[in-house]
Structure formats: structure tokens, C-alpha cells
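Undergrad: So here's query_33.txt, just compact mmCIF, C-alpha atoms:
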```
# COMPACT_ATOMS: atom_id res chain seq x y z
CA MET T 1 -12.19 1.77 -28.40
CA THR T 2 -11.18 5.38 -27.74
CA ASN T 3 -12.39 8.20 -25.58
CA GLN T 4 -11.33 11.71 -26.54
CA GLU T 5 -12.26 13.26 -23.17
CA HIS T 6 -9.32 15.12 -21.69
CA HIS T 7 -9.00 15.25 -17.91
CA ASP T 8 -7.22 17.57 -15.56
CA VAL T 9 -5.96 14.63 -13.53
CA ILE T 10 -5.92 10.87 -13.94
CA ILE T 11 -5.40 8.94 -10.72
CA ILE T 12 -4.22 5.35 -11.14
CA GLY T 13 -5.07 3.27 -8.09
CA ALA T 14 -8.23 3.85 -6.05
CA GLY T 15 -7.12 2.82 -2.58
CA ALA T 16 -6.90 5.20 0.37
CA ALA T 17 -4.30 7.46 -1.27
CA GLY T 18 -5.98 7.62 -4.67
CA LEU T 19 -9.49 8.13 -3.35
CA SER T 20 -8.40 10.79 -0.88
CA ALA T 21 -6.69 12.65 -3.70
CA GLY T 22 -9.74 12.22 -5.90
CA LEU T 23 -11.97 13.71 -3.23
CA VAL T 24 -9.80 16.80 -2.76
CA LEU T 25 -9.39 17.39 -6.49
CA ALA T 26 -13.04 16.81 -7.36
CA ARG T 27 -14.11 19.26 -4.67
CA ALA T 28 -11.63 21.74 -6.16
CA GLN T 29 -13.55 21.49 -9.47
CA ALA T 30 -10.92 19.47 -11.30
CA ASN T 31 -12.00 16.99 -13.96
CA VAL T 32 -10.82 13.74 -12.37
CA LEU T 33 -10.68 10.16 -13.63
CA LEU T 34 -9.74 7.35 -11.23
CA ILE T 35 -8.64 3.99 -12.64
CA ASP T 36 -8.45 0.94 -10.41
CA ALA T 37 -7.74 -2.73 -11.10
CA GLY T 38 -9.83 -3.87 -8.13
CA ASN T 39 -7.15 -5.78 -6.18
CA PRO T 40 -6.68 -3.96 -2.86
CA ARG T 41 -3.75 -5.15 -0.75
CA ASN T 42 -5.84 -5.45 2.42
CA GLY T 43 -9.01 -6.62 0.71
CA GLY T 44 -9.07 -9.94 2.58
CA ALA T 45 -8.97 -8.34 6.03
CA ALA T 46 -12.21 -8.31 7.99
CA GLU T 47 -11.39 -4.99 9.66
CA MET T 48 -8.97 -2.10 9.39
CA HIS T 49 -7.70 -0.20 12.40
CA GLY T 50 -5.92 2.99 13.35
CA PHE T 51 -8.09 5.23 11.16
CA VAL T 52 -9.78 7.64 13.54
CA SER T 53 -13.60 7.60 13.14
CA ARG T 54 -13.34 4.50 10.93
CA ASP T 55 -11.69 2.04 13.34
CA GLY T 56 -13.01 -1.48 12.82
CA LEU T 57 -14.58 -0.79 9.44
CA SER T 58 -13.93 -3.43 6.80
CA PRO T 59 -11.57 -2.35 4.00
CA THR T 60 -14.26 -3.24 1.46
CA GLU T 61 -16.82 -0.98 3.14
CA PHE T 62 -14.27 1.80 3.56
CA LEU T 63 -13.45 1.77 -0.16
CA ALA T 64 -17.14 1.68 -1.13
CA ILE T 65 -17.93 4.70 1.06
CA ALA T 66 -14.92 6.60 -0.26
CA ARG T 67 -15.78 5.85 -3.89
CA ASN T 68 -19.33 7.09 -3.43
CA GLU T 69 -18.04 10.30 -1.87
CA VAL T 70 -15.64 10.92 -4.75
CA ILE T 71 -18.26 10.13 -7.39
CA GLY T 72 -20.68 12.43 -5.57
CA TYR T 73 -18.41 15.37 -6.37
CA GLY T 74 -18.28 14.54 -10.07
CA ALA T 75 -15.23 12.32 -10.43
CA THR T 76 -15.35 9.20 -12.61
CA VAL T 77 -14.12 5.80 -11.42
CA LEU T 78 -13.28 3.04 -13.91
CA CYS T 79 -12.42 -0.58 -13.13
CA ALA T 80 -9.47 -1.40 -15.39
CA SER T 81 -5.72 -1.67 -15.45
CA VAL T 82 -3.37 0.63 -17.33
CA ARG T 83 -1.56 -0.81 -20.32
CA SER T 84 0.70 2.15 -21.07
CA ILE T 85 1.30 5.86 -20.52
CA GLU T 86 2.89 8.20 -23.03
CA ARG T 87 4.09 11.71 -22.21
CA GLU T 88 3.28 13.98 -25.13
CA ILE T 89 5.30 16.91 -26.47
CA ASN T 90 2.89 19.37 -24.84
CA GLY T 91 3.51 17.79 -21.43
CA CYS T 92 0.16 16.01 -21.21
CA PHE T 93 -0.21 12.26 -20.79
CA THR T 94 -2.00 9.71 -22.98
CA VAL T 95 -3.17 6.68 -21.02
CA THR T 96 -4.20 3.40 -22.65
CA LEU T 97 -6.27 1.00 -20.56
CA SER T 98 -6.59 -2.77 -20.66
CA THR T 99 -10.10 -2.29 -22.03
CA GLY T 100 -8.72 -0.51 -25.10
CA LEU T 101 -9.94 2.88 -23.95
CA VAL T 102 -7.49 5.72 -24.59
CA THR T 103 -7.75 8.92 -22.58
CA SER T 104 -5.51 11.77 -21.49
CA ALA T 105 -4.74 14.19 -18.68
CA ARG T 106 -2.66 17.19 -17.76
CA ALA T 107 -1.34 15.52 -14.60
CA LEU T 108 -1.04 12.04 -13.13
CA LEU T 109 -1.13 10.62 -9.63
CA ILE T 110 0.10 7.04 -9.33
CA ALA T 111 -1.19 5.28 -6.20
CA THR T 112 -0.83 1.63 -7.18
CA GLY T 113 0.42 0.32 -3.84
CA LEU T 114 2.78 -2.58 -3.34
CA THR T 115 2.85 -6.37 -3.43
CA ASP T 116 3.85 -8.51 -0.44
CA LYS T 117 6.15 -11.36 -1.48
CA LEU T 118 4.88 -14.06 0.86
CA PRO T 119 7.12 -16.95 1.92
CA ALA T 120 6.59 -20.38 0.37
CA ILE T 121 5.12 -21.84 3.53
CA ALA T 122 2.02 -24.00 3.08
CA GLY T 123 -1.03 -22.25 4.47
CA VAL T 124 0.31 -18.70 4.51
CA GLN T 125 -1.22 -17.51 1.24
CA ASP T 126 -4.80 -18.55 2.03
CA ARG T 127 -4.65 -17.07 5.55
CA TRP T 128 -2.94 -13.84 4.60
CA SER T 129 -4.61 -10.75 6.15
CA THR T 130 -7.06 -12.91 8.13
CA LEU T 131 -4.91 -15.06 10.43
CA VAL T 132 -1.47 -14.20 9.09
CA HIS T 133 -0.62 -10.53 9.47
CA TYR T 134 2.12 -8.00 8.85
CA CYS T 135 1.37 -4.91 10.95
CA PRO T 136 1.17 -5.10 14.78
CA TYR T 137 -0.36 -1.61 14.84
CA CYS T 138 -3.14 -2.76 12.52
CA HIS T 139 -3.89 -6.16 14.05
CA GLY T 140 -1.99 -6.51 17.34
CA PHE T 141 -4.89 -5.52 19.59
CA GLU T 142 -7.09 -8.17 17.98
CA VAL T 143 -4.69 -10.91 19.16
CA LEU T 144 -4.43 -9.58 22.70
CA ASP T 145 -3.32 -12.32 25.14
CA LYS T 146 -3.29 -14.96 22.39
CA ALA T 147 -0.44 -17.30 21.47
CA ILE T 148 1.47 -15.62 18.63
CA VAL T 149 4.21 -16.91 16.35
CA VAL T 150 6.43 -14.46 14.51
CA ILE T 151 8.17 -15.99 11.50
CA GLY T 152 11.59 -14.61 10.68
CA GLY T 153 12.34 -13.65 7.12
CA PRO T 154 14.57 -11.74 4.71
CA VAL T 155 13.53 -8.39 6.22
CA ARG T 156 15.32 -9.37 9.42
CA GLU T 157 15.19 -6.04 11.29
CA MET T 158 11.43 -5.80 10.86
CA SER T 159 10.94 -9.46 11.82
CA ILE T 160 12.85 -8.96 15.05
CA LYS T 161 11.01 -5.70 15.74
CA GLN T 162 7.66 -7.44 15.21
CA ALA T 163 8.48 -9.94 17.96
CA GLY T 164 9.25 -7.13 20.40
CA LEU T 165 6.15 -5.12 19.48
CA LEU T 166 3.84 -8.10 19.80
CA ARG T 167 5.22 -8.94 23.24
CA LYS T 168 3.34 -5.85 24.43
CA TYR T 169 0.08 -7.57 23.46
CA SER T 170 0.77 -11.05 24.77
CA ASP T 171 3.15 -12.93 27.07
CA ARG T 172 2.97 -15.90 24.69
CA VAL T 173 5.07 -14.76 21.75
CA THR T 174 7.41 -17.16 19.96
CA PHE T 175 9.94 -16.00 17.41
CA VAL T 176 10.90 -18.76 14.94
CA THR T 177 14.10 -17.71 13.22
CA HIS T 178 13.28 -19.37 9.85
CA GLY T 179 16.69 -18.64 8.36
CA ILE T 180 17.64 -15.59 10.42
CA GLU T 181 20.86 -15.94 12.38
CA LEU T 182 20.42 -13.86 15.51
CA THR T 183 23.39 -12.24 17.16
CA ASP T 184 23.93 -13.06 20.82
CA SER T 185 22.75 -9.56 21.68
CA GLU T 186 19.54 -9.84 19.62
CA ARG T 187 18.70 -13.21 21.15
CA HIS T 188 19.39 -11.97 24.68
CA ARG T 189 17.26 -8.85 24.23
CA LEU T 190 14.27 -10.80 22.92
CA GLU T 191 14.46 -13.50 25.58
CA ALA T 192 14.98 -10.95 28.36
CA PHE T 193 11.83 -9.19 27.12
CA GLY T 194 9.83 -12.42 27.38
CA VAL T 195 9.91 -13.62 23.77
CA SER T 196 10.62 -17.33 23.26
CA VAL T 197 13.17 -17.90 20.50
CA VAL T 198 13.10 -21.11 18.47
CA ASP T 199 15.77 -21.88 15.88
CA GLY T 200 14.42 -23.68 12.85
CA ALA T 201 12.41 -23.43 9.67
CA ILE T 202 8.62 -23.60 9.36
CA SER T 203 7.24 -25.98 6.76
CA ARG T 204 3.51 -25.32 7.07
CA LEU T 205 0.71 -23.81 9.09
CA VAL T 206 -1.53 -26.20 11.00
CA GLY T 207 -5.32 -25.95 11.10
CA HIS T 208 -8.48 -26.37 9.06
CA THR T 209 -9.39 -23.83 6.39
CA GLY T 210 -10.10 -20.49 8.03
CA GLU T 211 -8.39 -21.54 11.26
CA ILE T 212 -4.91 -21.75 12.68
CA ASP T 213 -3.84 -24.11 15.45
CA GLY T 214 -0.08 -23.80 15.11
CA VAL T 215 2.99 -23.92 12.92
CA ALA T 216 4.93 -27.06 12.01
CA LEU T 217 8.71 -26.96 11.96
CA ALA T 218 10.64 -28.81 9.26
CA GLY T 219 11.48 -31.57 11.76
CA GLY T 220 7.82 -32.13 12.62
CA THR T 221 7.57 -30.22 15.90
CA ILE T 222 4.36 -28.21 16.17
CA ILE T 223 4.22 -24.91 18.03
CA ALA T 224 0.66 -24.05 19.04
CA CYS T 225 -0.56 -20.56 18.21
CA GLU T 226 -3.66 -18.56 17.34
CA ALA T 227 -2.06 -15.94 15.10
CA VAL T 228 1.01 -15.56 12.90
CA PHE T 229 2.94 -12.45 11.92
CA ILE T 230 5.51 -12.16 9.15
CA ALA T 231 7.49 -9.33 7.57
CA PRO T 232 7.68 -10.27 3.88
CA PRO T 233 9.76 -8.42 1.30
CA GLN T 234 7.65 -5.82 -0.46
CA ARG T 235 7.73 -4.85 -4.12
CA PRO T 236 6.27 -1.49 -5.12
CA ASN T 237 3.87 -1.63 -8.05
CA ASP T 238 5.79 1.17 -9.72
CA GLU T 239 6.30 -0.09 -13.27
CA LEU T 240 4.32 2.83 -14.71
CA LEU T 241 6.46 5.33 -12.82
CA ARG T 242 9.67 3.68 -13.95
CA ASP T 243 8.47 3.56 -17.55
CA LEU T 244 7.82 7.30 -17.37
CA GLY T 245 11.43 7.83 -16.33
CA CYS T 246 10.87 8.82 -12.70
CA ALA T 247 14.08 8.73 -10.68
CA VAL T 248 14.61 5.87 -8.23
CA ASP T 249 16.25 6.20 -4.83
CA PRO T 250 19.37 3.99 -5.03
CA ASP T 251 19.21 3.06 -1.34
CA SER T 252 15.54 2.09 -1.01
CA ASP T 253 14.86 1.20 -4.68
CA PHE T 254 11.59 3.14 -4.37
CA ILE T 255 10.62 6.05 -6.62
CA THR T 256 12.00 9.37 -5.40
CA VAL T 257 9.32 11.90 -4.37
CA ASN T 258 9.30 15.12 -2.39
CA GLN T 259 7.12 15.78 0.67
CA MET T 260 4.09 16.38 -1.54
CA GLY T 261 4.60 13.24 -3.63
CA GLN T 262 6.02 14.97 -6.70
CA THR T 263 8.36 12.82 -8.78
CA THR T 264 11.23 14.02 -10.96
CA VAL T 265 8.97 13.95 -14.04
CA PRO T 266 6.91 17.16 -14.42
CA GLY T 267 3.21 16.50 -13.96
CA VAL T 268 3.64 13.14 -12.22
CA TRP T 269 2.96 12.50 -8.54
CA ALA T 270 2.94 9.30 -6.49
CA ALA T 271 1.38 8.59 -3.09
CA GLY T 272 0.70 5.76 -0.67
CA ASN T 273 2.45 2.41 -0.41
CA VAL T 274 3.88 2.63 -3.93
CA VAL T 275 6.43 5.10 -2.54
CA THR T 276 6.04 4.65 1.24
CA PRO T 277 5.88 0.96 2.20
CA THR T 278 5.22 1.67 5.89
CA ALA T 279 2.16 3.86 5.25
CA GLN T 280 -1.00 2.71 7.01
CA VAL T 281 -4.43 3.43 5.54
CA ILE T 282 -4.72 6.75 7.35
CA THR T 283 -1.24 7.95 6.39
CA ALA T 284 -1.73 6.84 2.78
CA ALA T 285 -4.95 8.87 2.71
CA GLY T 286 -3.08 11.87 4.10
CA ALA T 287 -0.37 11.51 1.47
CA GLY T 288 -3.01 11.40 -1.26
CA SER T 289 -4.60 14.57 0.08
CA ALA T 290 -1.23 16.36 0.18
CA SER T 291 -0.45 15.32 -3.38
CA ALA T 292 -3.87 16.49 -4.55
CA ILE T 293 -3.29 19.95 -3.09
CA ALA T 294 0.11 20.12 -4.78
CA ILE T 295 -1.35 18.97 -8.10
CA ASN T 296 -4.14 21.53 -7.93
CA GLY T 297 -1.64 24.30 -7.25
CA TRP T 298 0.52 23.13 -10.15
CA LEU T 299 -2.49 23.13 -12.49
CA LEU T 300 -3.47 26.60 -11.28
CA ASN T 301 -0.04 27.96 -12.14
CA LYS T 302 -0.39 26.42 -15.60
CA ASP T 303 -3.79 28.07 -16.03
CA LEU T 304 -2.47 31.45 -14.90
CA ASP T 305 0.48 31.20 -17.29
CA ASP T 306 -1.80 30.25 -20.19
CA ALA T 307 -4.25 33.06 -19.42
CA SER T 308 -1.43 35.59 -19.20
CA ALA T 309 0.09 34.42 -22.48
CA HIS T 310 -3.30 34.57 -24.21
CA VAL T 311 -3.91 38.15 -23.09
CA ALA T 312 -0.40 39.15 -24.15
CA HIS T 313 -1.02 37.85 -27.67
CA SER T 314 -4.55 39.21 -28.09
```
Could the structure of this file be written out as C-alpha cells, please?
TA:
Amino acid sequence: MTNQEHHDVIIIGAGAAGLSAGLVLARAQANVLLIDAGNPRNGGAAEMHGFVSRDGLSPTEFLAIARNEVIGYGATVLCASVRSIEREINGCFTVTLSTGLVTSARALLIATGLTDKLPAIAGVQDRWSTLVHYCPYCHGFEVLDKAIVVIGGPVREMSIKQAGLLRKYSDRVTFVTHGIELTDSERHRLEAFGVSVVDGAISRLVGHTGEIDGVALAGGTIIACEAVFIAPPQRPNDELLRDLGCAVDPDSDFITVNQMGQTTVPGVWAAGNVVTPTAQVITAAGAGSASAIAINGWLLNKDLDDASAHVAHS
């Protein structure tokens, strides 16, 4: 199946960054196609927070509202994944979807997010984003004064920081090292701040489906809690960007972009968690908007150049 329609911009990933970009570009009269696989990172969360005027809205409702706004300005949204992207000699891009549809665009915005690599602890996967969280700024207030366990992990600095941040919400915070070897200074600082430190590994979460009563250590000891926070390693969903030849930052291993999200490949931008793992919903949306403005300016320069060349040859 093919589709010969040529777009000004194809946006891959219709989360906060992609939809925000789609809104700006569609309002600017660009022909925009958004492609989304339908697997939002925070889709399981009941509420999202920190987005002014939308605080407490469910991620599902937020995305539905945003999609309707974008479609209302003439953009098209397709539910599919992208199989491949080819950069043509003329600088445009041919995009092949999982459905077999082939389409093209003058510019691309990749906003495919990231994947959290959750620890192999029984009960974490099915409670992720409901009772097991990552971001204290997103979910800390909702566990105010509750018993909280922070599970240490490979991202040690963030794990330790989580414990300190969550202590501001509750005086019942326990940090289980789970493989992290704390320095004497780190341990002293946490304990002096009121965080209980427990050395050991967690084998499973305790509680019926949809609930959490505690965490069980490998030796059988159970620490009671009502919420769990972890800082898992994160993998950007940037295969398409890498396949296009976009440069990668050697220190972070994330795709290199400038302040407007432009990559090192002409005509390709990236925004949101795929390039900024710490971005919240509101900052991802802002990044998408900034990229959209940059893309529209880039397209305008192309149009002006083409118009000038046409007049010169007429």
C-alpha cells in the first residue's frame, strides 16, 4: 500500500512533544502528518502533574484533548510504527510505515520518547506508574506523609537524590541500597536528613494486585510501605535517528541536538524524552513547540530560496 501525498513535516511520536509541535506547525499552515505507535510512557498513570492548567489530568485524557486540537487545525494523525526512513537526493525523506504505507516529507521531527529499563523485581512491572514511580516532582505530593521505599539502582546518583527529595514529603522514607555501596559521607547525609538506610537487596513487592503493602528483602524481611520509587536506567527510542546518521553525544549516548532540537542531519529535529531524559510533560511540550518554530523557519527559507531561483530562471 502506498500514499503519494507529500507533507511539509512528518512528526514521529505523538506524545507531549510531538503534539505540541504538530499544533504549532498546523496553525502555521504546514501540511503535517503525525505517526504514533500508541504506547505512551506514562499511559498507566492515573494523573499527571506539574503542567499548569492541566494538573491532575490523566495522561490519556491529555493526549486525547491534544490530538483533537491538532486535528482541528488540519493535521493528520496515524496510529502506526515506522519501519524505515530514507533520505533522498533532494533532501526530502521517504517514510515507510508498519502498515505498508509509504509517504514523504520535507522535514522530520522525531519525538519517540524513551524506555525505562525496570529492575527484575517481582511486582514492579505491573505496578509501574501507579504505585511504583520515578519522578518525585510528578508524584511526590500524592504520597505526602506516607511510608515510602526508595530502591537503589544502577543510576546511583539519581537513586540517592530521590531519597533526599522524597524526605521533604514524608518523615517515613527508607532507602534500600539494592546493590549500591554508599560512601560514609552519603550514608551520613541521608541519615542526618531523616532517611532510614537499609543495606540489602529487594526480591519482590508485597501486596495484592493494585496494592502495595511493602517490599521483601532477599532474606525475607518485609519493610512496610505505601509507595515505591526507583530510578531505572533509561534507553532513548532513537533508532530512527541513529539510522539517519545523526551524531551522538559520546558522554550521554543521546542524540546531539541544539537548543531548538535540530540534529546534525539537515531537515531532522528531535524533541522530548528521546533527547532529554529528564523532561517532564510540560518541558517536553515546550521543546516540541520550539522545534516546530525552528522547522517552520527552516521551511520558509527553503521556500524563499526556491521562489528566488524560479524568478531568476524565468
Undergrad: Please identify all polymer residues within 9 Å of Pro233 of chain T, counting all atoms listed in the file, omitting same-chain residues fewer than 3 positions from it, and present them as a list of chain:residue names.
TA: T:Thr115, T:Asp116, T:Lys117, T:Leu118, T:Pro119, T:Gly153, T:Pro154, T:Val155
Undergrad: Counting all atoms listed in the file, figure out which residue out of T:Leu244, T:Met158, T:Ala294, T:Leu304 gets nearest to Glu88 of chain T.
TA: T:Leu244
Undergrad: Which is closer to Gly288 of chain T than all the others in T:Gly113, T:Gly267, T:Gly100, T:Gly72, using all atoms listed in the file?
TA: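 Looking at the shortest contact to Gly288 of chain T, the residue is T:Gly113.
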Undergrad: Smallest atom-to-atom distance to Gly15 of chain T: which of T:Cys246, T:Ala285, T:Ala107, T:Ile230, using only C-alpha atoms?
TA: T:Ala285
Undergrad: I need every residue sitting at most 12 Å from the point (3.5, -13.3, 21.8) (coordinates as in the file, only C-alpha atoms considered), written as a VMD selection string.
TA: chain T and resid 136 140 to 141 143 to 151 162 to 176 190 to 191 193 to 197 224 to 229
Undergrad: Of the candidates T:Pro250, T:Leu23, T:Ser98, T:Ala66, which shows the shortest atom-to-atom distance to Arg54 of chain T, using all atoms listed in the file?
TA: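 Of all the options, T:Ala66 lies closest to Arg54 of chain T.
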Undergrad: In Å to one decimal, how far is atom CA of Leu108 of chain T from atom CA of Phe93 of chain T?
TA: 7.7 Å
Undergrad: When you count all atoms listed in the file, which of these residues is closest to Glu86 of chain T: T:Val274, T:Leu240, T:Ile160, T:Leu205?
TA: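 The closest residue to Glu86 of chain T is T:Leu240.
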Undergrad: Which residues come within 10 Å of Gly220 of chain T, counting only C-alpha atoms, excluding same-chain residues fewer than 6 positions away, as a PyMOL selection string?
TA: chain T and resi 202-204
Undergrad: Enclose segment 156-164 of chain T, meaning all of its atoms listed in the file, in a box aligned along x, y and z, pad it by 3 Å on each side, and list the centre and edge lengths in Å to one decimal, as JSON.
TA:
```
{"center_x": 11.5, "center_y": -7.8, "center_z": 14.9, "size_x": 13.7, "size_y": 10.2, "size_z": 17.0}
```
Undergrad: Would you compute the distance between atom CA of Gly219 of chain T and atom CA of Arg127 of chain T? Give it in Å to one decimal.
TA: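 Answer for the atom CA of Gly219 of chain T to atom CA of Arg127 of chain T separation: 22.6 Å.
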Undergrad: Please determine, counting only C-alpha atoms, which residue among T:Ala64, T:Val9, T:Leu97, T:Ala192 has the shortest atom-to-atom distance to Ala292 of chain T.
TA: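 Looking only at the distances to Ala292 of chain T, the closest residue turns out to be T:Val9.
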Undergrad: If I take atom CA of Thr264 of chain T and atom CA of Arg87 of chain T, how far is one from the other in Å, to one decimal?
TA: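 One can read the atom CA of Thr264 of chain T to atom CA of Arg87 of chain T distance as 13.5 Å.
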Undergrad: Need to verify the contact set: Thr276 of chain T, 12 Å, only C-alpha atoms, exclusion of same-chain residues closer than 3 positions in sequence. Can you return it as a VMD selection string?
TA: chain T and resid 17 111 to 114 234 to 238 249 252 to 259 261 270 to 273 279 to 281 283 to 288
Undergrad: Can those selected residues be exported to a file as a PDB file, keeping the file's coordinate frame so that it contains C-alpha atoms?
TA:
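The resulting result.pdb:
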```
ATOM      1  CA  ALA T  17      -4.300   7.460  -1.270  1.00  0.00           C
ATOM      2  CA  ALA T 111      -1.190   5.280  -6.200  1.00  0.00           C
ATOM      3  CA  THR T 112      -0.830   1.630  -7.180  1.00  0.00           C
ATOM      4  CA  GLY T 113       0.420   0.320  -3.840  1.00  0.00           C
ATOM      5  CA  LEU T 114       2.780  -2.580  -3.340  1.00  0.00           C
ATOM      6  CA  GLN T 234       7.650  -5.820  -0.460  1.00  0.00           C
ATOM      7  CA  ARG T 235       7.730  -4.850  -4.120  1.00  0.00           C
ATOM      8  CA  PRO T 236       6.270  -1.490  -5.120  1.00  0.00           C
ATOM      9  CA  ASN T 237       3.870  -1.630  -8.050  1.00  0.00           C
ATOM     10  CA  ASP T 238       5.790   1.170  -9.720  1.00  0.00           C
ATOM     11  CA  ASP T 249      16.250   6.200  -4.830  1.00  0.00           C
ATOM     12  CA  SER T 252      15.540   2.090  -1.010  1.00  0.00           C
ATOM     13  CA  ASP T 253      14.860   1.200  -4.680  1.00  0.00           C
ATOM     14  CA  PHE T 254      11.590   3.140  -4.370  1.00  0.00           C
ATOM     15  CA  ILE T 255      10.620   6.050  -6.620  1.00  0.00           C
ATOM     16  CA  THR T 256      12.000   9.370  -5.400  1.00  0.00           C
ATOM     17  CA  VAL T 257       9.320  11.900  -4.370  1.00  0.00           C
ATOM     18  CA  ASN T 258       9.300  15.120  -2.390  1.00  0.00           C
ATOM     19  CA  GLN T 259       7.120  15.780   0.670  1.00  0.00           C
ATOM     20  CA  GLY T 261       4.600  13.240  -3.630  1.00  0.00           C
ATOM     21  CA  ALA T 270       2.940   9.300  -6.490  1.00  0.00           C
ATOM     22  CA  ALA T 271       1.380   8.590  -3.090  1.00  0.00           C
ATOM     23  CA  GLY T 272       0.700   5.760  -0.670  1.00  0.00           C
ATOM     24  CA  ASN T 273       2.450   2.410  -0.410  1.00  0.00           C
ATOM     25  CA  ALA T 279       2.160   3.860   5.250  1.00  0.00           C
ATOM     26  CA  GLN T 280      -1.000   2.710   7.010  1.00  0.00           C
ATOM     27  CA  VAL T 281      -4.430   3.430   5.540  1.00  0.00           C
ATOM     28  CA  THR T 283      -1.240   7.950   6.390  1.00  0.00           C
ATOM     29  CA  ALA T 284      -1.730   6.840   2.780  1.00  0.00           C
ATOM     30  CA  ALA T 285      -4.950   8.870   2.710  1.00  0.00           C
ATOM     31  CA  GLY T 286      -3.080  11.870   4.100  1.00  0.00           C
ATOM     32  CA  ALA T 287      -0.370  11.510   1.470  1.00  0.00           C
ATOM     33  CA  GLY T 288      -3.010  11.400  -1.260  1.00  0.00           C
TER      34      GLY T 288
END
```
Undergrad: In the coordinates of the file, take the point (-12.0, 5.6, -13.2) and a cut-off of 6 Å; then, counting all atoms listed in the file, name each qualifying protein, DNA or RNA residue as an NGL selection string.
TA: :T and (33-35 or 76-78)
Undergrad: Could you give me, as a ChimeraX atom specification, the residues within 8 Å of Ala37 of chain T, counting all atoms listed in the file and dropping anything in the same chain fewer than 6 positions from it?
TA: /T:13,79-81
